[in-house]
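Participant: Okay, so here is structure_15.txt, and as you'll see once you scroll down, it has compact mmCIF, C-alpha atoms and all ligand atoms.
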```
# COMPACT_ATOMS: atom_id res chain seq x y z
CA MET N 1 -22.73 -19.55 9.67
CA ASP N 2 -19.45 -20.00 7.83
CA LEU N 3 -16.45 -17.72 8.21
CA VAL N 4 -17.24 -15.56 5.18
CA GLY N 5 -20.88 -15.22 6.21
CA ARG N 6 -19.88 -14.12 9.70
CA LEU N 7 -17.32 -11.65 8.31
CA LEU N 8 -19.89 -10.13 5.98
CA SER N 9 -22.34 -9.73 8.84
CA GLY N 10 -19.78 -7.67 10.78
CA ASP N 11 -18.28 -10.27 13.12
CA ARG N 12 -14.90 -8.83 14.16
CA ARG N 13 -13.47 -12.16 15.28
CA ALA N 14 -14.30 -13.69 11.92
CA LEU N 15 -12.56 -10.72 10.33
CA ALA N 16 -9.39 -11.21 12.37
CA ARG N 17 -9.41 -14.95 11.62
CA THR N 18 -9.89 -14.37 7.89
CA ILE N 19 -7.03 -11.86 7.81
CA SER N 20 -4.72 -14.37 9.51
CA LEU N 21 -5.64 -17.10 7.03
CA VAL N 22 -5.16 -14.76 4.09
CA GLU N 23 -1.81 -13.54 5.43
CA ASP N 24 -0.58 -17.10 5.74
CA ASN N 25 -1.50 -17.62 2.09
CA GLY N 26 -2.37 -21.27 2.68
CA ALA N 27 -4.75 -23.47 0.72
CA GLU N 28 -7.78 -21.82 2.31
CA ALA N 29 -6.65 -18.30 1.41
CA HIS N 30 -7.50 -18.45 -2.27
CA THR N 31 -10.93 -19.96 -1.66
CA LEU N 32 -11.70 -17.29 0.93
CA LEU N 33 -10.55 -14.46 -1.33
CA GLY N 34 -12.62 -15.91 -4.15
CA GLU N 35 -15.73 -15.85 -1.97
CA LEU N 36 -14.99 -12.35 -0.70
CA TYR N 37 -14.08 -10.77 -4.01
CA PRO N 38 -17.65 -10.09 -5.22
CA HIS N 39 -18.16 -8.07 -2.02
CA THR N 40 -15.13 -5.81 -2.61
CA GLY N 41 -14.76 -2.64 -4.63
CA GLN N 42 -16.66 -0.36 -2.26
CA ALA N 43 -13.86 0.94 -0.03
CA HIS N 44 -11.73 3.92 -0.95
CA ILE N 45 -8.13 2.88 -0.37
CA ILE N 46 -5.74 5.51 0.92
CA GLY N 47 -1.97 4.93 0.99
CA ILE N 48 0.11 6.93 3.47
CA THR N 49 3.84 6.72 2.84
CA GLY N 50 6.98 8.58 3.82
CA ALA N 51 10.38 8.22 5.45
CA PRO N 52 10.67 6.57 8.89
CA GLY N 53 9.47 8.74 11.76
CA THR N 54 7.75 11.43 9.70
CA GLY N 55 4.59 10.94 11.75
CA LYS N 56 2.62 8.63 9.48
CA SER N 57 1.03 6.59 12.29
CA THR N 58 0.14 9.73 14.24
CA LEU N 59 -1.41 11.18 11.11
CA VAL N 60 -3.32 7.96 10.35
CA ASN N 61 -4.66 7.99 13.90
CA ALA N 62 -5.81 11.62 13.55
CA LEU N 63 -7.27 10.99 10.12
CA ALA N 64 -9.17 7.92 11.34
CA LYS N 65 -10.61 9.90 14.25
CA ASP N 66 -11.73 12.59 11.82
CA TYR N 67 -13.43 10.02 9.58
CA ARG N 68 -15.11 8.46 12.61
CA GLY N 69 -16.38 11.91 13.58
CA ARG N 70 -18.07 11.99 10.21
CA GLY N 71 -19.66 8.61 10.86
CA MET N 72 -17.45 6.67 8.50
CA THR N 73 -15.76 3.33 9.21
CA VAL N 74 -12.00 2.92 8.78
CA GLY N 75 -9.76 -0.11 8.32
CA ILE N 76 -6.05 0.47 8.91
CA VAL N 77 -3.16 -1.64 7.62
CA ALA N 78 0.26 -0.62 8.93
CA VAL N 79 3.00 -2.21 6.85
CA ASP N 80 6.64 -2.13 7.90
CA PRO N 81 8.98 -3.55 5.27
CA THR N 82 12.00 -2.60 7.37
CA SER N 83 11.16 -4.85 10.30
CA PRO N 84 11.17 -8.65 10.28
CA PHE N 85 9.05 -8.63 13.43
CA SER N 86 5.67 -7.06 13.85
CA GLY N 87 6.23 -6.75 17.61
CA GLY N 88 7.93 -3.37 17.67
CA ALA N 89 5.80 -1.77 15.01
CA LEU N 90 2.70 -3.23 16.58
CA LEU N 91 3.53 -1.82 19.98
CA GLY N 92 4.35 1.60 18.53
CA ASP N 93 1.17 1.66 16.48
CA ARG N 94 -0.89 0.58 19.48
CA ILE N 95 0.41 3.58 21.40
CA ARG N 96 0.05 6.00 18.48
CA MET N 97 -3.42 4.75 17.66
CA ARG N 98 -4.74 4.10 21.17
CA ASP N 99 -7.50 6.70 20.74
CA LEU N 100 -9.09 4.28 18.32
CA ALA N 101 -9.01 1.24 20.60
CA GLY N 102 -12.38 -0.29 21.36
CA ASP N 103 -14.18 1.48 18.53
CA PRO N 104 -15.96 -1.17 16.43
CA GLY N 105 -15.90 1.21 13.47
CA VAL N 106 -12.12 0.90 13.30
CA PHE N 107 -9.95 -2.14 12.66
CA ILE N 108 -6.15 -1.98 12.82
CA ARG N 109 -3.74 -4.59 11.50
CA SER N 110 0.05 -4.33 11.59
CA MET N 111 2.17 -6.36 9.20
CA ALA N 112 5.92 -6.85 9.00
CA THR N 113 8.16 -8.35 6.37
CA ARG N 114 7.33 -11.93 5.52
CA GLY N 115 10.12 -13.48 3.51
CA SER N 116 10.23 -10.99 0.68
CA LEU N 117 9.02 -7.54 -0.21
CA GLY N 118 6.86 -9.07 -2.91
CA GLY N 119 5.32 -11.36 -0.31
CA LEU N 120 4.54 -8.41 1.92
CA ALA N 121 2.97 -6.41 -0.90
CA ARG N 122 0.83 -9.43 -1.82
CA ALA N 123 -0.26 -10.05 1.75
CA ALA N 124 -1.08 -6.35 2.20
CA ALA N 125 -3.15 -6.30 -1.01
CA ASP N 126 -5.10 -9.35 0.19
CA VAL N 127 -5.70 -7.87 3.66
CA ILE N 128 -7.02 -4.70 1.97
CA LEU N 129 -9.49 -6.85 0.02
CA VAL N 130 -10.70 -8.49 3.23
CA LEU N 131 -11.25 -5.12 4.94
CA ASP N 132 -13.05 -3.86 1.84
CA ALA N 133 -15.34 -6.91 1.85
CA ALA N 134 -15.95 -6.45 5.58
CA GLY N 135 -17.51 -3.10 4.70
CA PHE N 136 -14.95 -0.53 5.86
CA GLN N 137 -15.65 2.63 3.87
CA ARG N 138 -12.07 3.88 3.99
CA VAL N 139 -9.02 1.64 4.18
CA VAL N 140 -5.81 3.42 5.14
CA VAL N 141 -2.50 1.69 4.41
CA GLU N 142 0.61 3.02 6.13
CA THR N 143 3.95 2.05 4.57
CA VAL N 144 7.42 3.16 5.54
CA GLY N 145 8.95 4.74 2.46
CA VAL N 146 11.78 2.50 1.38
CA GLY N 147 11.71 2.39 -2.38
CA GLN N 148 10.08 -0.53 -4.13
CA ALA N 149 7.86 -1.60 -1.25
CA GLU N 150 6.14 1.76 -1.02
CA VAL N 151 5.64 1.86 -4.77
CA GLU N 152 4.13 -1.63 -4.83
CA ILE N 153 1.83 -0.93 -1.96
CA ALA N 154 0.94 2.48 -3.39
CA ASN N 155 -0.26 0.61 -6.48
CA ALA N 156 -2.97 -0.93 -4.35
CA ALA N 157 -4.22 2.51 -3.24
CA HIS N 158 -6.63 4.87 -4.96
CA THR N 159 -5.20 7.95 -3.27
CA VAL N 160 -1.59 8.21 -2.10
CA VAL N 161 -0.47 10.71 0.54
CA VAL N 162 3.29 11.28 0.75
CA VAL N 163 4.35 12.54 4.18
CA VAL N 164 7.47 14.68 4.51
CA THR N 165 8.84 16.72 7.40
CA PRO N 166 10.67 20.05 7.60
CA GLY N 167 14.35 20.27 8.27
CA LEU N 168 17.65 19.47 6.74
CA GLY N 169 17.65 16.98 3.93
CA ASP N 170 13.99 17.36 3.24
CA GLU N 171 14.45 18.62 -0.24
CA VAL N 172 16.29 15.37 -0.84
CA GLN N 173 13.50 13.43 0.84
CA ALA N 174 10.87 15.07 -1.33
CA ILE N 175 12.65 14.53 -4.61
CA LYS N 176 13.59 10.94 -3.90
CA ALA N 177 13.11 9.02 -7.11
CA GLY N 178 9.60 7.80 -7.62
CA VAL N 179 8.03 9.68 -4.74
CA MET N 180 6.93 12.74 -6.72
CA GLU N 181 5.11 10.49 -9.17
CA ILE N 182 3.19 8.44 -6.61
CA GLY N 183 1.92 11.34 -4.46
CA ASP N 184 -1.68 12.44 -5.06
CA LEU N 185 -1.33 14.68 -2.01
CA PHE N 186 1.65 15.84 0.03
CA ALA N 187 1.48 16.33 3.79
CA VAL N 188 4.24 18.45 5.30
CA ASN N 189 3.88 17.06 8.81
CA LYS N 190 5.55 18.42 11.96
CA ALA N 191 4.67 21.85 10.63
CA ASP N 192 5.15 23.06 14.21
CA GLN N 193 8.86 22.73 13.52
CA GLU N 194 10.90 25.27 11.63
CA GLY N 195 11.20 24.94 7.89
CA ALA N 196 7.70 23.73 6.99
CA ASP N 197 7.16 26.51 4.46
CA HIS N 198 10.53 25.78 2.97
CA ALA N 199 9.70 22.07 2.58
CA ALA N 200 6.31 22.92 1.03
CA MET N 201 8.05 25.28 -1.38
CA ALA N 202 10.60 22.61 -2.32
CA ILE N 203 7.79 20.18 -3.22
CA HIS N 204 5.96 22.90 -5.10
CA MET N 205 9.05 23.62 -7.17
CA MET N 206 9.59 19.92 -7.89
CA GLN N 207 6.00 19.72 -9.14
CA GLY N 208 6.79 22.44 -11.64
CA LEU N 209 9.76 20.47 -12.89
CA ALA N 210 8.14 17.06 -12.87
CA PRO N 211 6.81 15.66 -16.12
CA LYS N 212 3.06 16.09 -16.55
CA ASP N 213 1.13 13.63 -14.47
CA ASP N 214 -0.01 10.80 -16.67
CA ALA N 215 -1.33 8.36 -14.12
CA GLN N 216 -3.86 7.05 -16.61
CA GLY N 217 -1.13 6.23 -19.11
CA ASP N 218 -3.21 7.64 -21.93
CA GLY N 219 -0.77 10.34 -22.92
CA THR N 220 -2.79 13.21 -21.47
CA ASP N 221 -2.31 15.43 -18.45
CA ASP N 222 -4.85 14.00 -16.05
CA GLY N 223 -5.70 17.37 -14.54
CA TRP N 224 -5.08 16.72 -10.84
CA VAL N 225 -2.50 18.93 -9.17
CA PRO N 226 -1.42 17.28 -5.90
CA PRO N 227 -2.15 19.69 -3.04
CA ILE N 228 0.54 20.34 -0.43
CA ILE N 229 -0.95 20.44 3.08
CA LYS N 230 0.84 21.42 6.28
CA THR N 231 -0.12 19.27 9.26
CA VAL N 232 0.71 18.87 12.94
CA ALA N 233 -0.50 15.32 13.46
CA THR N 234 0.08 15.41 17.22
CA HIS N 235 -2.43 18.28 17.56
CA GLY N 236 -4.70 17.40 14.69
CA THR N 237 -3.86 20.64 12.89
CA GLY N 238 -4.43 20.45 9.14
CA VAL N 239 -5.92 16.95 9.41
CA ASP N 240 -9.37 18.13 8.35
CA GLU N 241 -7.85 19.80 5.31
CA LEU N 242 -5.96 16.61 4.49
CA LEU N 243 -9.15 14.56 4.78
CA LEU N 244 -11.00 16.98 2.51
CA GLY N 245 -8.11 16.81 0.03
CA ILE N 246 -8.31 13.01 0.01
CA GLU N 247 -12.07 13.15 -0.52
CA ALA N 248 -11.60 15.71 -3.32
CA HIS N 249 -9.17 13.31 -5.00
CA ARG N 250 -11.70 10.51 -4.62
CA ASP N 251 -14.41 12.69 -6.20
CA TYR N 252 -12.01 13.60 -8.96
CA LEU N 253 -11.31 9.92 -9.68
CA HIS N 254 -15.00 9.13 -9.81
CA GLN N 255 -15.63 11.87 -12.35
CA GLY N 256 -15.35 10.73 -15.91
CA LYS N 257 -13.09 7.85 -16.81
CA HIS N 258 -10.34 8.33 -14.23
CA PHE N 259 -11.46 5.73 -11.72
CA GLY N 260 -12.13 2.98 -14.21
CA GLN N 261 -8.80 3.58 -15.89
CA ARG N 262 -6.91 3.59 -12.62
CA GLU N 263 -8.67 0.44 -11.46
CA ARG N 264 -7.96 -1.40 -14.71
CA MET N 265 -4.31 -0.41 -14.43
CA ARG N 266 -4.23 -1.68 -10.85
CA VAL N 267 -5.93 -4.96 -11.79
CA LEU N 268 -3.48 -5.44 -14.67
CA LYS N 269 -0.50 -4.97 -12.32
CA GLU N 270 -2.09 -7.33 -9.81
CA LEU N 271 -2.67 -10.03 -12.43
CA GLU N 272 0.90 -9.69 -13.67
CA ALA N 273 2.27 -9.99 -10.14
CA ILE N 274 0.19 -13.11 -9.42
CA LEU N 275 1.11 -14.62 -12.78
CA GLN N 276 4.80 -14.04 -12.19
CA ARG N 277 4.60 -15.63 -8.76
CA GLU N 278 2.55 -18.61 -9.91
CA LEU N 279 4.73 -19.31 -12.95
CA LEU N 280 7.87 -19.19 -10.84
CA THR N 281 6.36 -21.51 -8.24
CA ARG N 282 5.14 -23.89 -10.91
CA LEU N 283 8.50 -23.92 -12.63
CA ARG N 284 10.35 -24.51 -9.37
CA THR N 285 8.27 -27.58 -8.62
CA ARG N 286 8.90 -29.04 -12.09
CA VAL N 287 12.62 -28.47 -12.31
CA PRO N 288 14.37 -31.66 -11.17
CA PRO N 289 16.17 -31.45 -7.82
CA GLY N 290 19.71 -30.15 -8.18
CA LYS N 291 19.08 -28.77 -11.68
CA MET N 292 18.98 -25.14 -10.58
CA GLU N 293 22.17 -25.47 -8.52
CA ALA N 294 23.92 -27.23 -11.43
CA LEU N 295 22.95 -24.43 -13.81
CA VAL N 296 24.10 -21.75 -11.37
CA GLU N 297 27.44 -23.53 -11.19
CA GLN N 298 27.76 -23.79 -14.97
CA VAL N 299 26.90 -20.11 -15.49
CA HIS N 300 29.31 -19.20 -12.71
CA ARG N 301 32.09 -21.14 -14.49
CA ARG N 302 31.20 -19.45 -17.79
CA GLU N 303 30.43 -22.82 -19.33
CA LEU N 304 26.92 -21.59 -20.03
CA ASP N 305 25.37 -18.16 -20.51
CA PRO N 306 22.33 -17.11 -18.42
CA TYR N 307 19.93 -17.10 -21.40
CA SER N 308 20.78 -20.68 -22.32
CA ALA N 309 20.40 -21.66 -18.67
CA VAL N 310 16.88 -20.19 -18.58
CA ALA N 311 16.06 -21.94 -21.87
CA GLN N 312 17.01 -25.24 -20.21
CA LEU N 313 14.79 -24.45 -17.20
CA LEU N 314 11.86 -23.63 -19.47
CA ALA N 315 12.45 -26.84 -21.39
CA ALA N 316 12.35 -28.75 -18.09
CA ASP N 317 8.90 -27.23 -17.55
CA ALA N 318 7.53 -28.60 -20.82
N1 LIG X 1 6.55 17.88 16.70
C1 LIG X 1 5.80 16.98 16.09
N2 LIG X 1 6.01 15.67 16.33
C2 LIG X 1 5.23 14.80 15.69
C3 LIG X 1 4.20 15.19 14.79
N3 LIG X 1 3.62 14.07 14.30
C4 LIG X 1 4.24 13.02 14.86
N4 LIG X 1 5.20 13.44 15.71
C5 LIG X 1 6.10 12.61 16.53
O1 LIG X 1 7.01 11.96 15.67
C6 LIG X 1 7.35 10.67 16.20
C7 LIG X 1 7.12 9.61 15.13
O2 LIG X 1 5.73 9.50 14.88
P1 LIG X 1 5.08 8.24 14.19
O3 LIG X 1 3.65 8.57 13.98
O4 LIG X 1 5.41 7.01 14.90
O5 LIG X 1 5.86 8.26 12.81
P2 LIG X 1 5.84 7.15 11.68
O6 LIG X 1 6.12 7.86 10.41
O7 LIG X 1 4.61 6.34 11.75
O8 LIG X 1 7.08 6.26 12.09
P3 LIG X 1 7.49 4.83 11.47
O9 LIG X 1 6.24 4.06 11.27
O10 LIG X 1 8.41 4.25 12.50
O11 LIG X 1 8.20 5.16 10.19
C8 LIG X 1 6.50 10.47 17.42
O12 LIG X 1 7.26 10.79 18.55
C9 LIG X 1 5.37 11.47 17.24
O13 LIG X 1 4.82 11.91 18.44
C10 LIG X 1 4.02 16.58 14.56
O14 LIG X 1 3.17 17.04 13.78
N5 LIG X 1 4.85 17.42 15.24
MG MG X 2 4.37 4.22 11.85
```
Before we go any further, please render this structure as structure tokens.
Facilitator:
Amino acid sequence: MDLVGRLLSGDRRALARTISLVEDNGAEAHTLLGELYPHTGQAHIIGITGAPGTGKSTLVNALAKDYRGRGMTVGIVAVDPTSPFSGGALLGDRIRMRDLAGDPGVFIRSMATRGSLGGLARAAADVILVLDAAGFQRVVVETVGVGQAEVEIANAAHTVVVVVTPGLGDEVQAIKAGVMEIGDLFAVNKADQEGADHAAMAIHMMQGLAPKDDAQGDGTDDGWVPPIIKTVATHGTGVDELLLGIEAHRDYLHQGKHFGQRERMRVLKELEAILQRELLTRLRTRVPPGKMEALVEQVHRRELDPYSAVAQLLAADA
């Protein structure tokens, strides 16, 4: 049987091999993704994001165990845009998620920065597709919250959980630009530490101030108020409630038009990202050697303005 056939029939080694090929984004990757794509669209994709050390991996581990207890399969993608090596993150995740080791209903993949943030977001989106095709019912994506990367990866998720912790500076953490908008649920983790209620209150107040959620982009309040759930990931406290909140959000999306609208929005963003990448690659291969450097030099010397330089590059493409 070929690789895709073996993956679809549940072969874990075929899955690992496919993920590696897709991550490398070589010639085979696009063919593989093309063959897998008709088998995707079944998994519910959950993004877990938050500042470094807030307990995301511990929470993902607890959440995955809870899902397994309910007989559901879970794929996990841990993405670390802050580390150029997967070694450290991988080791940490292995320790944090060791309870899941050896369970065929769970598959964990750690990914670190590959070249650019955009490259990482692309690779993560492709790995999610592979796990979806492989039949995992829930795919959990952990991203360290560092601005653009978390937003890009959150775009690939159906439900986004923002993890915050109590303590000094948390109000700042919670109101960090962009984070309020991407959270479908908020987990105040390390609720065993002082200040959890305060952090929950701070998020609650920000919700009151935030513009009406318009995730569908159709100009209407979409009716979902992100719940704020206190958790102690290390003890599993609140994890059940978090899981039920995620499932409630999933049900909410599947009611009415929400899911279709969100999916179309996601597909649109995905197509735009691929288009941008492809056009840039295509252009780069067509521009004569040295042309780019020469233009940079001319713009630098103020002999040419940037718009005219781009016009020349586009003309070179024709
Ligand atoms: N007290 C307490 N500690 C926790 C809790 N959850 C996680 N921790 C601890 O916090 C530390 C960081 O946990 P991780 O799960 O690695 O956090 P993370 O957000 O995945 O970290 P990065 O991926 O490095 O950003 C570990 O020492 C955990 O044991 C909690 O609910 N309470
Ligand atoms: Mg982690």
Participant: I'd like to know which of N:Ala78, N:Met180, N:Leu314, N:Met1 is closest to ligand MG 2 (chain X), using all atoms listed in the file.
Facilitator: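 Looking only at the distances to ligand MG 2 (chain X), the closest residue turns out to be N:Ala78.
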Participant: Taking into account all atoms listed in the file, which residue in the set N:Arg277, N:His235, N:Arg17, N:Arg12 is nearest to ligand LIG 1 (chain X)?
Facilitator: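 For ligand LIG 1 (chain X), the nearest of the given residues is N:His235.
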Participant: Report the distance between atom N3 of ligand LIG 1 (chain X) and atom CA of Asn61 of chain N in Å, rounded to one decimal place.
Facilitator: 10.3 Å
Participant: Could you check which of N:Leu21, N:Leu32, N:Leu185, N:Ile48 is closest to ligand MG 2 (chain X), using all atoms listed in the file?
Facilitator: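 Closest to ligand MG 2 (chain X) of all the choices is N:Ile48.
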Participant: Choose the residue, out of N:Ile153, N:Ala121, N:Ala273, N:Thr159, that has the smallest atom-to-atom separation from Phe259 of chain N; count all atoms listed in the file.
Facilitator: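 Among the listed residues, the smallest separation from Phe259 of chain N belongs to N:Thr159.
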Participant: Give the answer as one residue: which of N:Thr54, N:Ser110, N:Thr73, N:Thr165 has the shortest atom-to-atom distance to Gly145 of chain N, using all atoms listed in the file?
Facilitator: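 Distance minimum relative to Gly145 of chain N lands on N:Thr54.
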Participant: Would you compute, for all listed atoms of ligand LIG 1 (chain X), the axis-aligned bounding box grown by 8 Å on each side, and then report its centre and edge lengths in Å rounded to one decimal, as AutoDock Vina command-line options?
Facilitator:
```
--center_x 5.8 --center_y 11.0 --center_z 14.4 --size_x 21.2 --size_y 29.8 --size_z 24.4
```
Participant: If I take atom CA of Thr40 of chain N and atom CA of Val130 of chain N, how far is one from the other in Å, to one decimal?
Facilitator: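 These two atoms are separated by 7.8 Å.
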Participant: Counting only C-alpha atoms, which residues sit no farther than 12 Å from the position (4.9, 20.4, 10.8) in the file's frame? I'd like them as a short mmCIF file (atom, residue, chain, number, x, y, z; two decimals) with C-alpha atoms, keeping the file's coordinate frame.
Facilitator:
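Generated file (result_6.cif):
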```cif
data_model
loop_
_atom_site.label_atom_id
_atom_site.label_comp_id
_atom_site.auth_asym_id
_atom_site.auth_seq_id
_atom_site.Cartn_x
_atom_site.Cartn_y
_atom_site.Cartn_z
CA THR N 54 7.75 11.43 9.70
CA GLY N 55 4.59 10.94 11.75
CA LEU N 59 -1.41 11.18 11.11
CA VAL N 163 4.35 12.54 4.18
CA VAL N 164 7.47 14.68 4.51
CA THR N 165 8.84 16.72 7.40
CA PRO N 166 10.67 20.05 7.60
CA GLY N 167 14.35 20.27 8.27
CA ALA N 187 1.48 16.33 3.79
CA VAL N 188 4.24 18.45 5.30
CA ASN N 189 3.88 17.06 8.81
CA LYS N 190 5.55 18.42 11.96
CA ALA N 191 4.67 21.85 10.63
CA ASP N 192 5.15 23.06 14.21
CA GLN N 193 8.86 22.73 13.52
CA GLU N 194 10.90 25.27 11.63
CA GLY N 195 11.20 24.94 7.89
CA ALA N 196 7.70 23.73 6.99
CA ASP N 197 7.16 26.51 4.46
CA HIS N 198 10.53 25.78 2.97
CA ALA N 199 9.70 22.07 2.58
CA ALA N 200 6.31 22.92 1.03
CA ILE N 229 -0.95 20.44 3.08
CA LYS N 230 0.84 21.42 6.28
CA THR N 231 -0.12 19.27 9.26
CA VAL N 232 0.71 18.87 12.94
CA ALA N 233 -0.50 15.32 13.46
CA THR N 234 0.08 15.41 17.22
CA HIS N 235 -2.43 18.28 17.56
CA GLY N 236 -4.70 17.40 14.69
CA THR N 237 -3.86 20.64 12.89
CA GLY N 238 -4.43 20.45 9.14
CA VAL N 239 -5.92 16.95 9.41
#
```
Participant: Rank N:Ala309, N:Ile19, N:Val141, N:Met205 by their smallest atom-to-atom distance to ligand LIG 1 (chain X), using only C-alpha atoms and all ligand atoms, and report the top residue only.
Facilitator: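 Answer, going by the shortest atom-to-atom distance: N:Val141.
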Participant: To one decimal place, how far is atom CA of Asp132 of chain N from atom CA of Val144 of chain N in Å?
Facilitator: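 The value is 22.0 Å.
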Participant: Quick one: residues within 12 Å of Gly5 of chain N, all atoms listed in the file counted, chain neighbours fewer than 4 positions away excluded, as a PyMOL selection string?
Facilitator: chain N and resi 1+9-12+14-15+18+32+35-36+39+133-134
